[in-house]
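Written out below as structure tokens is the structure these notes cover.
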Amino acid sequence: KNASNKLLEEEACILNNLKAFGLPEMKEFGRNNQYNILVMELLGPSLESLFQYKDRQFSLKTTMMIGLQMIDRIEYVHSRKIIHRDIKPDNFAIGEDDNSHIIYILDFGLAKKYWSSTNKCHIPFIKGKKLTGTARYSSVNALSGCEQSRRDDLESIAYLIIYFLRGRLPWQGIKVKNKEERYAKILKTKKNTTTKELCIGVPKELEVRYYTKT
């Protein structure tokens with residue numbers, strides 16, 4: 001409980017305020033002489049564990065059903081003025097028994113409010129920040145050191161959908177000497193990978209397109 005960061009305490013606070021379908025119920029948060037303790041609802045395996053069990057390949061139907069639930073979960077989190085900032089397969093899990101068809105979103109230790117209650121506005125755009133989250137699924141902006149917002153959570157979910165369909169992402173398995181070099185190479189690969197290249201072998205409807213209103 002004397003750790004410099006208060007991630008568990010912050011997660012408990014967020015879970016206590018995000019009581020909703022598809023989020024784990026917090027049973028208890030407390031302290032003893034040495035530790036902070038967070039007790040949550042027991043869930044089933046994570047999506048990463050299930051993906052490995054299925055030989056790293058989900059069917060199109062399974063992926064789309066998972067994708068819709070992930071988007072629903074993050075839409076609710078965003079509606080409460082919070083961004084997750086660590087979207088990855090390990091942070092989604094299925095429920096137990098009768099709830100095994102429900103996808104739960106987990107781990108709010110890195111979550112953050114994107115809306116200032118004091119100023120009644122979005123937090124400012126800032127550059128030069130260290131990466132918060134998991135590089136493999138982080139957005140280009142997050143890897144570039146930009147302040148994260150809702151779009152970055154959604155970009156990460158898009159990477160998850162491609163990952164589940166293709167079995168891997170183009171920037172996986174990069175050999176480097178240290179973390180900083182790894183982040184730099186992942187960022188370079190993400191920037192140089194076109195949407196068409198990223199979506200090879202998946203339905204064309206998943207390819208991102210931008211439309212300008214006239």
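Residue names in the structure tokens use chain letters A, B, ... in the order shown, residue numbers from 1 in each chain, and ligand numbers from 1 in the order shown.
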Long-range neighbours of region 16-31 of chain A as a PyMOL selection string, 7 Å cut-off, only C-alpha atoms, 5 positions minimum in chain: chain A and resi 36-41+73+102-105
For the residues in the current selection, export C-alpha atoms as a PDB file, in the first residue's frame.
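Output file again.pdb follows:
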ATOM      1  CA  ASN A  36      -4.421  -2.771  -0.849  1.00  0.00           C
ATOM      2  CA  ILE A  37      -6.941  -5.469  -1.745  1.00  0.00           C
ATOM      3  CA  LEU A  38      -9.508  -5.386  -4.569  1.00  0.00           C
ATOM      4  CA  VAL A  39     -12.070  -8.211  -4.799  1.00  0.00           C
ATOM      5  CA  MET A  40     -14.065  -8.494  -8.019  1.00  0.00           C
ATOM      6  CA  GLU A  41     -16.654 -10.766  -9.546  1.00  0.00           C
ATOM      7  CA  ARG A  73     -18.491  -1.717 -23.678  1.00  0.00           C
ATOM      8  CA  ILE A 102     -21.138 -11.805 -22.314  1.00  0.00           C
ATOM      9  CA  ILE A 103     -17.839 -10.013 -22.960  1.00  0.00           C
ATOM     10  CA  TYR A 104     -16.572  -8.057 -19.945  1.00  0.00           C
ATOM     11  CA  ILE A 105     -14.075  -5.197 -20.116  1.00  0.00           C
TER      12      ILE A 105
END
Spatial neighbours of Lys112 (chain A), max dist 9 Å, only C-alpha atoms, sep filter under 2 positions, as a VMD selection string: chain A and resid 81 to 85 108 to 110 114
Could you make a table, as a tab-separated table, of the residues of region 72-137 of chain A that have an atom within 8 Å of an atom of region 141-162 of chain A, each with its nearest atom pair and distance in Å to one decimal, counting only C-alpha atoms, in chain and number order?
residue	atom	partner	partner_atom	distance
A:Ile74	CA	A:Asp153	CA	7.6
A:His78	CA	A:Arg150	CA	6.8
A:Ile83	CA	A:Arg150	CA	6.0
A:His84	CA	A:Asp153	CA	6.7
A:Arg85	CA	A:Asp153	CA	6.2
A:Asp86	CA	A:Asp153	CA	7.7
A:Ile87	CA	A:Ser156	CA	6.0
A:Lys88	CA	A:Leu160	CA	6.9
A:Pro89	CA	A:Leu160	CA	7.0
A:Tyr114	CA	A:Ser149	CA	6.4
A:Pro124	CA	A:Glu147	CA	7.8
A:Phe125	CA	A:Glu147	CA	5.6
A:Ile126	CA	A:Glu147	CA	5.1
A:Lys127	CA	A:Cys146	CA	4.4
A:Gly128	CA	A:Gly145	CA	4.8
A:Lys129	CA	A:Gly145	CA	4.4
A:Lys130	CA	A:Gly145	CA	5.7
A:Leu131	CA	A:Leu143	CA	5.9
A:Thr132	CA	A:Ala142	CA	7.4
A:Ala135	CA	A:Leu143	CA	7.0
A:Tyr137	CA	A:Ser156	CA	5.1
Which residue of A:Asp97, A:Lys188, A:Arg80, A:Ser138 approaches Trp115 (chain A) most closely, using only C-alpha atoms: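 For Trp115 (chain A), the nearest of the given residues is A:Arg80.
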Nearby residues (only C-alpha atoms) at most 12 Å from Ile174 (chain A), same-chain spacing under 6 positions excluded, as JSON, numbers by chain: {"A": [135, 136, 181, 182, 183, 184, 185, 186, 187, 188, 189]}
Create the file for the chosen residues now, containing C-alpha atoms and written as a compact mmCIF listing (two decimals), in the first residue's frame.
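What landed in selection_25.txt:
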# COMPACT_ATOMS: atom_id res chain seq x y z
CA ALA A 135 2.44 -1.05 -27.80
CA ARG A 136 1.10 -3.84 -30.01
CA GLU A 181 13.73 0.89 -29.81
CA ARG A 182 10.83 -1.54 -29.89
CA TYR A 183 8.27 1.24 -29.54
CA ALA A 184 9.99 3.24 -32.29
CA LYS A 185 10.01 0.27 -34.71
CA ILE A 186 6.40 -0.61 -33.97
CA LEU A 187 5.39 2.99 -34.62
CA LYS A 188 7.34 3.10 -37.89
CA THR A 189 5.74 -0.16 -39.06
Those in region 29-145 of chain A with strand (DSSP E) from DSSP, as number ranges by chain: A: 29-31, 36-40, 82-83, 92-94, 103-105, 112-113, 115-116, 121-122
Among listed residues A:Glu75, A:Glu207, A:Asp90, A:Glu48, nearest Thr134 (chain A) (using only C-alpha atoms):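 Answer, going by the shortest atom-to-atom distance: A:Asp90.
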Who sits within 8 Å of region 196-205 of chain A, only C-alpha atoms, same chain under 6 positions skipped, as a list of chain:residue names: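 Everything that qualifies: A:Ile162, A:Leu165, A:Arg166, A:Leu169, A:Pro170.
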Store the residues picked out above in a file with C-alpha atoms, as a PDB file, in the first residue's frame.
ATOM      1  CA  ILE A 162      -7.801  -7.657 -37.320  1.00  0.00           C
ATOM      2  CA  LEU A 165      -9.121 -12.625 -37.915  1.00  0.00           C
ATOM      3  CA  ARG A 166      -5.532 -12.796 -39.173  1.00  0.00           C
ATOM      4  CA  LEU A 169      -0.405  -8.062 -36.714  1.00  0.00           C
ATOM      5  CA  PRO A 170       2.364  -6.875 -39.082  1.00  0.00           C
TER       6      PRO A 170
END
Counting only C-alpha atoms, the option among A:Cys121, A:Leu8, A:Leu206, A:Ala111 closest to Val77 (chain A):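 Looking only at the distances to Val77 (chain A), the closest residue turns out to be A:Ala111.
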